[in-house]
file start15.cif (mmCIF, C-alpha atoms)
data_data
loop_
_atom_site.label_atom_id
_atom_site.label_comp_id
_atom_site.auth_asym_id
_atom_site.auth_seq_id
_atom_site.Cartn_x
_atom_site.Cartn_y
_atom_site.Cartn_z
CA MET G 12 -41.91 3.11 38.68
CA ILE G 13 -39.54 5.29 40.71
CA LYS G 14 -40.34 4.64 44.36
CA LYS G 15 -37.46 6.30 46.21
CA ALA G 16 -35.90 9.75 46.33
CA ILE G 17 -32.59 10.98 47.71
CA ILE G 18 -32.25 14.53 49.03
CA PRO G 19 -28.64 15.57 49.72
CA ALA G 20 -28.66 18.27 52.39
CA ALA G 21 -25.25 18.18 54.02
CA GLY G 22 -23.50 21.26 52.61
CA TYR G 23 -22.24 24.11 54.77
CA GLY G 24 -24.15 26.90 53.00
CA THR G 25 -21.21 29.30 53.19
CA ARG G 26 -22.83 31.82 50.84
CA PHE G 27 -25.44 32.49 53.51
CA LEU G 28 -23.16 32.95 56.49
CA PRO G 29 -23.58 34.00 59.24
CA ILE G 30 -27.10 32.51 59.46
CA THR G 31 -25.90 29.09 58.29
CA LYS G 32 -23.41 28.92 61.14
CA SER G 33 -26.21 27.39 63.24
CA GLN G 34 -29.15 27.08 60.80
CA PRO G 35 -29.13 24.67 57.83
CA LYS G 36 -29.42 26.53 54.54
CA GLU G 37 -32.17 24.08 53.57
CA MET G 38 -34.22 25.40 56.51
CA ILE G 39 -34.07 29.04 55.39
CA PRO G 40 -37.71 30.00 54.76
CA ILE G 41 -39.39 31.08 51.57
CA VAL G 42 -42.14 33.19 53.16
CA ASP G 43 -42.99 30.80 56.04
CA THR G 44 -41.93 27.42 54.67
CA PRO G 45 -38.37 26.06 54.64
CA VAL G 46 -36.87 25.34 51.25
CA ILE G 47 -36.46 21.64 51.94
CA GLN G 48 -40.17 21.23 52.67
CA TYR G 49 -40.96 22.44 49.16
CA VAL G 50 -38.50 19.84 47.86
CA VAL G 51 -40.19 17.03 49.81
CA GLU G 52 -43.60 18.22 48.61
CA GLU G 53 -42.35 17.99 45.01
CA ALA G 54 -41.25 14.39 45.54
CA VAL G 55 -44.58 13.49 47.16
CA ALA G 56 -46.56 15.19 44.38
CA SER G 57 -44.54 13.07 41.93
CA GLY G 58 -45.70 9.90 43.68
CA ILE G 59 -42.59 9.27 45.81
CA THR G 60 -43.04 8.90 49.57
CA ASP G 61 -39.88 6.93 50.50
CA ILE G 62 -37.21 9.58 50.97
CA LEU G 63 -33.64 9.43 52.27
CA MET G 64 -31.98 12.67 53.33
CA ILE G 65 -28.22 12.87 53.57
CA ILE G 66 -27.39 15.38 56.27
CA GLY G 67 -24.29 16.47 58.18
CA LYS G 68 -23.16 18.27 61.28
CA GLY G 69 -25.43 21.16 62.26
CA LYS G 70 -28.42 19.80 60.33
CA ARG G 71 -30.44 18.43 63.25
CA ALA G 72 -33.11 21.07 62.65
CA ILE G 73 -34.08 19.27 59.43
CA GLU G 74 -34.82 16.07 61.35
CA GLU G 75 -36.84 17.98 63.93
CA HIS G 76 -38.85 19.79 61.26
CA PHE G 77 -40.14 16.54 59.78
CA ASP G 78 -40.76 14.92 63.16
CA ARG G 79 -43.80 15.52 65.36
CA SER G 80 -43.66 18.23 68.03
CA LEU G 81 -46.08 17.07 70.73
CA LEU G 82 -45.60 20.14 72.90
CA LEU G 83 -46.39 22.44 69.98
CA GLU G 84 -49.43 20.35 69.06
CA GLU G 85 -50.73 20.52 72.64
CA SER G 86 -50.27 24.29 72.62
CA LEU G 87 -52.21 24.63 69.37
CA ILE G 88 -55.01 22.45 70.75
CA GLU G 89 -55.26 24.62 73.87
CA LYS G 90 -55.51 27.69 71.65
CA GLN G 91 -58.05 25.90 69.43
CA ASN G 92 -55.91 26.70 66.41
CA TYR G 93 -56.97 23.55 64.61
CA GLU G 94 -56.11 24.80 61.13
CA MET G 95 -52.46 25.25 62.05
CA LEU G 96 -52.52 21.99 64.01
CA GLU G 97 -53.45 20.03 60.91
CA LYS G 98 -50.83 21.88 58.89
CA ILE G 99 -48.11 21.03 61.42
CA ARG G 100 -49.18 17.40 61.71
CA GLY G 101 -49.25 17.11 57.94
CA ILE G 102 -45.52 17.85 57.71
CA SER G 103 -44.64 14.69 59.65
CA LYS G 104 -47.14 12.57 57.70
CA MET G 105 -46.38 13.55 54.13
CA ALA G 106 -43.66 10.92 53.53
CA ASN G 107 -41.55 8.19 55.10
CA ILE G 108 -38.35 10.16 55.64
CA HIS G 109 -35.09 8.53 56.69
CA PHE G 110 -31.80 10.18 57.56
CA VAL G 111 -28.17 9.23 57.17
CA TRP G 112 -25.18 11.33 58.16
CA GLN G 113 -22.40 12.19 55.74
CA LYS G 114 -19.37 11.81 57.99
CA GLU G 115 -17.38 14.57 56.28
CA MET G 116 -18.06 17.13 53.58
CA ASN G 117 -16.71 15.26 50.58
CA GLY G 118 -18.84 16.48 47.68
CA LEU G 119 -22.24 15.81 46.16
CA GLY G 120 -21.09 12.57 44.58
CA ASP G 121 -20.01 11.22 47.95
CA ALA G 122 -23.34 12.25 49.49
CA VAL G 123 -25.30 10.37 46.82
CA ARG G 124 -23.10 7.33 47.40
CA TYR G 125 -24.50 7.05 50.95
CA ALA G 126 -27.84 6.03 49.43
CA ARG G 127 -26.58 2.82 47.78
CA TYR G 128 -28.18 0.38 50.20
CA HIS G 129 -31.34 2.40 50.71
CA VAL G 130 -32.29 2.33 47.03
CA ASN G 131 -31.78 -1.46 46.97
CA ASN G 132 -30.65 -1.69 43.33
CA GLU G 133 -33.65 0.28 42.06
CA PRO G 134 -33.73 3.46 39.94
CA PHE G 135 -34.20 6.54 42.09
CA ALA G 136 -34.64 10.31 42.04
CA VAL G 137 -32.20 12.89 43.38
CA LEU G 138 -33.54 16.30 44.40
CA LEU G 139 -31.05 18.83 45.74
CA GLY G 140 -32.33 20.07 49.07
CA ASP G 141 -31.52 23.77 48.54
CA THR G 142 -33.14 24.33 45.13
CA LEU G 143 -36.75 25.00 44.16
CA VAL G 144 -38.21 24.03 40.80
CA GLN G 145 -41.91 24.45 40.15
CA SER G 146 -44.27 23.83 37.25
CA ASP G 147 -47.87 24.72 36.46
CA SER G 148 -48.25 21.30 34.84
CA GLU G 149 -46.64 18.20 36.37
CA PRO G 150 -44.01 18.36 39.11
CA VAL G 151 -40.54 18.49 37.58
CA THR G 152 -39.49 15.19 39.15
CA ARG G 153 -42.61 13.57 37.68
CA GLN G 154 -41.63 14.93 34.25
CA LEU G 155 -38.24 13.23 34.58
CA MET G 156 -39.92 10.01 35.68
CA ASN G 157 -42.00 10.08 32.49
CA VAL G 158 -38.84 10.29 30.38
CA PHE G 159 -37.27 7.46 32.36
CA ASP G 160 -40.35 5.31 31.82
CA ARG G 161 -40.07 5.86 28.07
CA TYR G 162 -36.33 5.40 27.55
CA ARG G 163 -35.28 3.39 30.63
CA GLY G 164 -32.13 5.45 31.15
CA SER G 165 -30.88 8.04 33.60
CA VAL G 166 -32.27 11.52 32.94
CA VAL G 167 -31.34 14.98 34.18
CA ALA G 168 -33.41 18.17 34.37
CA LEU G 169 -32.14 20.92 32.06
CA GLU G 170 -32.82 24.62 31.76
CA GLU G 171 -31.69 27.15 29.22
CA VAL G 172 -29.29 29.77 30.60
CA LYS G 173 -27.59 32.75 29.05
CA PRO G 174 -24.35 31.54 27.39
CA GLU G 175 -22.29 33.96 29.46
CA LEU G 176 -23.62 32.28 32.63
CA ALA G 177 -22.76 28.71 31.62
CA HIS G 178 -19.64 28.84 33.80
CA ARG G 179 -21.89 28.67 36.88
CA TYR G 180 -23.38 25.29 36.00
CA GLY G 181 -22.83 21.81 34.70
CA VAL G 182 -24.06 21.65 31.09
CA ILE G 183 -24.99 18.89 28.67
CA ASP G 184 -23.12 18.05 25.50
CA GLY G 185 -25.50 16.14 23.25
CA HIS G 186 -28.22 16.36 20.65
CA GLN G 187 -31.98 16.66 20.56
CA LEU G 188 -33.84 13.35 20.46
CA GLU G 189 -37.42 14.60 20.35
CA GLY G 190 -39.24 17.64 21.68
CA ASN G 191 -37.51 18.73 24.88
CA VAL G 192 -35.61 15.44 25.32
CA TYR G 193 -31.87 15.29 24.58
CA VAL G 194 -29.37 12.44 24.42
CA ALA G 195 -26.16 13.21 26.28
CA SER G 196 -22.72 12.50 24.90
CA ASP G 197 -20.94 14.24 27.79
CA TRP G 198 -21.46 16.45 30.82
CA VAL G 199 -19.21 19.45 31.36
CA GLU G 200 -18.83 21.09 34.76
CA LYS G 201 -18.76 24.91 34.78
CA PRO G 202 -17.22 25.55 31.33
CA SER G 203 -16.22 28.99 30.14
CA ALA G 204 -18.56 30.65 27.65
CA ASP G 205 -16.14 29.80 24.82
CA GLU G 206 -15.84 26.14 25.83
CA ALA G 207 -19.48 25.42 26.72
CA PRO G 208 -20.97 22.80 24.36
CA SER G 209 -24.47 24.16 24.99
CA ASN G 210 -26.42 26.58 27.14
CA LEU G 211 -28.50 23.78 28.68
CA ALA G 212 -27.63 23.64 32.36
CA VAL G 213 -28.24 20.84 34.85
CA ALA G 214 -31.08 22.01 37.12
CA SER G 215 -30.73 20.09 40.41
CA ARG G 216 -33.09 17.18 39.63
CA TYR G 217 -32.01 13.73 38.44
CA ILE G 218 -33.25 10.19 37.87
CA PHE G 219 -30.48 7.59 38.06
CA THR G 220 -30.28 3.89 37.50
CA PRO G 221 -28.40 2.18 40.35
CA ASP G 222 -25.39 1.84 38.05
CA ILE G 223 -24.39 5.35 39.11
CA PHE G 224 -22.97 3.94 42.36
CA ASP G 225 -20.38 1.86 40.48
CA TYR G 226 -19.21 4.97 38.66
CA LEU G 227 -19.11 6.98 41.88
CA ASP G 228 -16.86 4.29 43.37
CA GLN G 229 -14.50 4.76 40.40
CA THR G 230 -14.49 8.56 40.69
CA LEU G 231 -11.44 10.21 42.21
CA PRO G 232 -11.61 13.53 44.06
CA GLY G 233 -11.93 16.39 41.61
CA LYS G 234 -12.74 20.05 42.10
CA ASN G 235 -12.22 21.18 45.71
CA ASN G 236 -10.73 17.71 46.33
CA GLU G 237 -14.29 16.31 46.52
CA ILE G 238 -16.17 13.50 44.78
CA GLN G 239 -18.13 15.31 42.08
CA LEU G 240 -21.38 13.83 40.78
CA THR G 241 -20.71 15.30 37.33
CA ASP G 242 -17.42 13.38 37.11
CA ALA G 243 -19.26 10.10 37.73
CA MET G 244 -21.88 11.06 35.15
CA ARG G 245 -19.12 11.64 32.59
CA LYS G 246 -17.89 8.10 33.15
CA MET G 247 -21.40 6.67 33.03
CA VAL G 248 -22.41 8.32 29.75
CA ARG G 249 -19.53 6.59 27.95
CA ASP G 250 -21.10 3.20 28.67
CA GLN G 251 -24.84 3.74 28.54
CA ALA G 252 -27.44 6.17 27.24
CA MET G 253 -28.25 9.16 29.44
CA TYR G 254 -30.85 11.82 28.72
CA GLY G 255 -31.68 15.42 29.53
CA LEU G 256 -35.09 17.06 29.67
CA ILE G 257 -35.75 20.77 29.30
CA PHE G 258 -38.47 20.75 31.91
CA ASP G 259 -41.72 22.67 31.84
CA GLY G 260 -41.42 25.03 34.78
CA LYS G 261 -39.03 27.37 36.50
CA ARG G 262 -36.04 26.98 38.79
CA TYR G 263 -35.79 29.52 41.58
CA ASP G 264 -32.19 30.41 42.28
CA ILE G 265 -31.92 30.72 46.04
CA GLY G 266 -28.20 30.00 46.12
CA ASN G 267 -27.38 33.70 46.37
CA LYS G 268 -28.84 36.63 48.31
CA MET G 269 -30.48 38.37 45.36
CA GLY G 270 -32.09 35.17 44.11
CA PHE G 271 -33.30 34.41 47.62
CA LEU G 272 -34.94 37.83 47.97
CA LYS G 273 -36.57 37.61 44.53
CA THR G 274 -37.95 34.16 45.32
CA ASN G 275 -39.46 35.37 48.58
CA ILE G 276 -41.21 38.21 46.77
CA ILE G 277 -42.53 35.90 44.03
CA PHE G 278 -43.85 33.36 46.54
CA GLY G 279 -45.13 36.12 48.79
CA LEU G 280 -47.25 37.51 45.96
CA LYS G 281 -48.83 34.06 45.59
CA ASP G 282 -49.55 33.74 49.31
CA GLU G 283 -53.25 34.03 50.19
CA GLU G 284 -52.55 35.78 53.49
CA ILE G 285 -50.10 38.47 52.41
CA GLY G 286 -50.25 38.55 48.60
CA GLU G 287 -52.58 41.53 48.17
CA ASP G 288 -50.88 43.55 50.92
CA LEU G 289 -47.51 42.85 49.36
CA LYS G 290 -48.74 44.06 45.96
CA ASP G 291 -49.98 47.31 47.51
CA TRP G 292 -46.71 47.80 49.37
CA MET G 293 -44.69 47.20 46.20
CA LYS G 294 -46.69 49.85 44.32
CA THR G 295 -46.04 52.35 47.10
CA PHE G 296 -42.37 51.40 47.25
CA VAL G 297 -41.85 51.76 43.48
CA ASN G 298 -43.57 55.17 43.45
CA GLN G 299 -40.92 56.45 45.88
CA PHE G 300 -38.27 56.29 43.16
#
call {"tool": "encode", "arguments": {"input": "start15.cif", "output": "structure tokens"}}
result
Amino acid sequence: MIKKAIIPAAGYGTRFLPITKSQPKEMIPIVDTPVIQYVVEEAVASGITDILMIIGKGKRAIEEHFDRSLLLEESLIEKQNYEMLEKIRGISKMANIHFVWQKEMNGLGDAVRYARYHVNNEPFAVLLGDTLVQSDSEPVTRQLMNVFDRYRGSVVALEEVKPELAHRYGVIDGHQLEGNVYVASDWVEKPSADEAPSNLAVASRYIFTPDIFDYLDQTLPGKNNEIQLTDAMRKMVRDQAMYGLIFDGKRYDIGNKMGFLKTNIIFGLKDEEIGEDLKDWMKTFVNQF
């Protein structure tokens, strides 16, 4: 049973400057909820309530979001807004969340390495704090946990991408084991379309055995002179079986402005408060062109 999750959330978010100059990219809202709250909710829905977040300079707002705000609660009580009061209190109660600071921006692999002593030699989940993946069946992290339970090896979420877009992602080199489960022989970071061994891209969710820390320790700085998680995974797969799962669900690309706007519209249409009004507005807007 996977009991612990790691959420790296220390990056600068340069693609969303100037807002990320003072606001963590993980706190940018989708409708009215910050991205990282959706990520925590996914972990909790998967049965994980012990969560370590790796944060960095300028990320204090993440800590405050998951802590209680007594002044705000008192204000909501005075206004008798008990529905919102319970919603706000629920954020601080949903999981046991711990924080550790990455001392310098040194790559995703380095951020994961900070979790070594927290996971206490147990397998654990990694959920990137700036990426949403959702499913109408089981949470995506839970789907990975199911594969881990069956094969007892590290497993990575995969999604099919257009071959010409493979250069944006890490991709798996391997073969199909059964159904949507693949056995990895290698992991390739951002290959060209001609060099890509597949169009199955790594989709920001992982289950690792604690062995990954040994391989991270052996990994030298790579792209951007940082410790890359993919480089450690390439070392690891040479020694032990690793798996990929084409998950049932959808990843929402909020790493760029267009993806962010599309995601807000999609989630807005699902929102009970504004969904119908947004549909009406969209019909009016489209008719103008």
call {"tool": "atom_distance", "arguments": {"input": "start15.cif", "atom1": "atom CA of G:Met12", "atom2": "atom CA of G:Ser165"}}
result
13.1 Å
call {"tool": "atom_distance", "arguments": {"input": "start15.cif", "atom1": "atom CA of G:Leu143", "atom2": "atom CA of G:Phe296"}}
result
27.2 Å
call {"tool": "closest_residue", "arguments": {"input": "start15.cif", "among": "G:Asp43, G:Pro134, G:Val144, G:Ile17", "to": "G:Asn107", "atoms": "only C-alpha atoms"}}
result
G:Ile17
call {"tool": "resolve_selection", "arguments": {"input": "start15.cif", "expression": "the PyMOL selection byres ((chain G and resi 75) around 12)", "output": "PyMOL selection string"}}
result
chain G and resi 35+38+69-74+76-81+99+102-103+108+110
call {"tool": "closest_residue", "arguments": {"input": "start15.cif", "among": "G:Glu284, G:Lys261, G:Arg179, G:Ser209", "to": "G:Ala195", "atoms": "all atoms listed in the file"}}
result
G:Ser209
call {"tool": "residues_around", "arguments": {"input": "start15.cif", "residues": "G:Thr220", "least_positions_apart": "4", "cutoff": "10 Å", "atoms": "only C-alpha atoms", "output": "PDB file with C-alpha atoms, keeping the file's coordinate frame"}}
result
ATOM      1  CA  ILE G  13     -39.540   5.290  40.710  1.00  0.00           C
ATOM      2  CA  VAL G 130     -32.290   2.330  47.030  1.00  0.00           C
ATOM      3  CA  ASN G 132     -30.650  -1.690  43.330  1.00  0.00           C
ATOM      4  CA  GLU G 133     -33.650   0.280  42.060  1.00  0.00           C
ATOM      5  CA  PRO G 134     -33.730   3.460  39.940  1.00  0.00           C
ATOM      6  CA  PHE G 135     -34.200   6.540  42.090  1.00  0.00           C
ATOM      7  CA  ALA G 136     -34.640  10.310  42.040  1.00  0.00           C
ATOM      8  CA  PHE G 159     -37.270   7.460  32.360  1.00  0.00           C
ATOM      9  CA  ARG G 163     -35.280   3.390  30.630  1.00  0.00           C
ATOM     10  CA  GLY G 164     -32.130   5.450  31.150  1.00  0.00           C
ATOM     11  CA  SER G 165     -30.880   8.040  33.600  1.00  0.00           C
ATOM     12  CA  VAL G 166     -32.270  11.520  32.940  1.00  0.00           C
ATOM     13  CA  PHE G 224     -22.970   3.940  42.360  1.00  0.00           C
ATOM     14  CA  MET G 253     -28.250   9.160  29.440  1.00  0.00           C
TER      15      MET G 253
END
call {"tool": "atom_distance", "arguments": {"input": "start15.cif", "atom1": "atom CA of G:Ile66", "atom2": "atom CA of G:Ala212"}}
result
25.3 Å
call {"tool": "closest_residue", "arguments": {"input": "start15.cif", "among": "G:Glu175, G:Asp250, G:Glu84, G:Asp291", "to": "G:Asp205", "atoms": "only C-alpha atoms"}}
result
G:Glu175
call {"tool": "closest_residue", "arguments": {"input": "start15.cif", "among": "G:Leu87, G:Val182, G:Ala54, G:Val111", "to": "G:Glu149", "atoms": "only C-alpha atoms"}}
result
G:Ala54
call {"tool": "closest_residue", "arguments": {"input": "start15.cif", "among": "G:Ala16, G:Ile257, G:Ala207, G:Val137", "to": "G:Glu189", "atoms": "only C-alpha atoms"}}
result
G:Ile257
call {"tool": "resolve_selection", "arguments": {"input": "start15.cif", "expression": "the PyMOL selection byres ((chain G and resi 183) around 8)", "output": "PyMOL selection string"}}
result
chain G and resi 181-182+184-185+195-199+208-213+255
call {"tool": "axis_aligned_box", "arguments": {"input": "start15.cif", "around": "stretch 107-125 of chain G", "padding_each_side": "8 Å", "output": "JSON"}}
result
{"center_x": -29.1, "center_y": 12.1, "center_z": 51.4, "size_x": 40.8, "size_y": 26.1, "size_z": 29.6}
call {"tool": "residues_near_point", "arguments": {"input": "start15.cif", "point": "(-39.6, 17.2, 32.5)", "cutoff": "8 Å", "atoms": "all atoms listed in the file", "output": "count of residues only"}}
result
13
call {"tool": "decode", "arguments": {"input": "start15.cif", "residues": "stretch 157-172 of chain G", "atoms": "N, CA, C and O atoms", "output": "mmCIF file, in the first residue's frame"}}
result
data_model
loop_
_atom_site.group_PDB
_atom_site.id
_atom_site.type_symbol
_atom_site.label_atom_id
_atom_site.label_comp_id
_atom_site.auth_asym_id
_atom_site.auth_seq_id
_atom_site.Cartn_x
_atom_site.Cartn_y
_atom_site.Cartn_z
ATOM 1 N N ASN G 157 -2.550 0.673 -8.439
ATOM 2 C CA ASN G 157 -3.046 -0.664 -8.783
ATOM 3 C C ASN G 157 -2.003 -1.449 -9.586
ATOM 4 O O ASN G 157 -1.820 -2.656 -9.384
ATOM 5 N N VAL G 158 -1.340 -0.759 -10.519
ATOM 6 C CA VAL G 158 -0.292 -1.416 -11.305
ATOM 7 C C VAL G 158 0.878 -1.793 -10.406
ATOM 8 O O VAL G 158 1.447 -2.889 -10.517
ATOM 9 N N PHE G 159 1.259 -0.896 -9.507
ATOM 10 C CA PHE G 159 2.340 -1.200 -8.576
ATOM 11 C C PHE G 159 2.001 -2.417 -7.721
ATOM 12 O O PHE G 159 2.846 -3.296 -7.502
ATOM 13 N N ASP G 160 0.771 -2.473 -7.240
ATOM 14 C CA ASP G 160 0.363 -3.612 -6.410
ATOM 15 C C ASP G 160 0.479 -4.931 -7.167
ATOM 16 O O ASP G 160 0.778 -5.971 -6.572
ATOM 17 N N ARG G 161 0.256 -4.875 -8.480
ATOM 18 C CA ARG G 161 0.301 -6.111 -9.272
ATOM 19 C C ARG G 161 1.726 -6.519 -9.606
ATOM 20 O O ARG G 161 2.076 -7.705 -9.518
ATOM 21 N N TYR G 162 2.578 -5.550 -9.986
ATOM 22 C CA TYR G 162 3.896 -5.894 -10.505
ATOM 23 C C TYR G 162 5.044 -5.544 -9.558
ATOM 24 O O TYR G 162 6.186 -5.938 -9.811
ATOM 25 N N ARG G 163 4.755 -4.798 -8.496
ATOM 26 C CA ARG G 163 5.746 -4.460 -7.475
ATOM 27 C C ARG G 163 6.959 -3.749 -8.048
ATOM 28 O O ARG G 163 8.093 -3.947 -7.613
ATOM 29 N N GLY G 164 6.736 -2.891 -9.031
ATOM 30 C CA GLY G 164 7.810 -2.098 -9.614
ATOM 31 C C GLY G 164 7.358 -0.678 -9.861
ATOM 32 O O GLY G 164 6.155 -0.390 -9.900
ATOM 33 N N SER G 165 8.300 0.216 -10.006
ATOM 34 C CA SER G 165 7.984 1.619 -10.270
ATOM 35 C C SER G 165 7.149 1.741 -11.540
ATOM 36 O O SER G 165 7.358 1.006 -12.510
ATOM 37 N N VAL G 166 6.215 2.676 -11.533
ATOM 38 C CA VAL G 166 5.297 2.834 -12.668
ATOM 39 C C VAL G 166 5.032 4.311 -12.905
ATOM 40 O O VAL G 166 4.952 5.106 -11.958
ATOM 41 N N VAL G 167 4.925 4.672 -14.173
ATOM 42 C CA VAL G 167 4.787 6.060 -14.605
ATOM 43 C C VAL G 167 3.516 6.210 -15.430
ATOM 44 O O VAL G 167 3.187 5.336 -16.234
ATOM 45 N N ALA G 168 2.808 7.316 -15.224
ATOM 46 C CA ALA G 168 1.620 7.600 -16.036
ATOM 47 C C ALA G 168 2.040 7.997 -17.445
ATOM 48 O O ALA G 168 2.980 8.776 -17.633
ATOM 49 N N LEU G 169 1.335 7.459 -18.438
ATOM 50 C CA LEU G 169 1.620 7.748 -19.845
ATOM 51 C C LEU G 169 0.376 8.266 -20.538
ATOM 52 O O LEU G 169 -0.745 7.887 -20.186
ATOM 53 N N GLU G 170 0.588 9.119 -21.526
ATOM 54 C CA GLU G 170 -0.500 9.546 -22.401
ATOM 55 C C GLU G 170 0.001 9.588 -23.835
ATOM 56 O O GLU G 170 1.173 9.865 -24.095
ATOM 57 N N GLU G 171 -0.892 9.286 -24.746
ATOM 58 C CA GLU G 171 -0.546 9.354 -26.160
ATOM 59 C C GLU G 171 -0.530 10.805 -26.613
ATOM 60 O O GLU G 171 -1.454 11.571 -26.320
ATOM 61 N N VAL G 172 0.520 11.181 -27.341
ATOM 62 C CA VAL G 172 0.629 12.535 -27.894
ATOM 63 C C VAL G 172 0.894 12.421 -29.386
ATOM 64 O O VAL G 172 1.319 11.370 -29.885
#
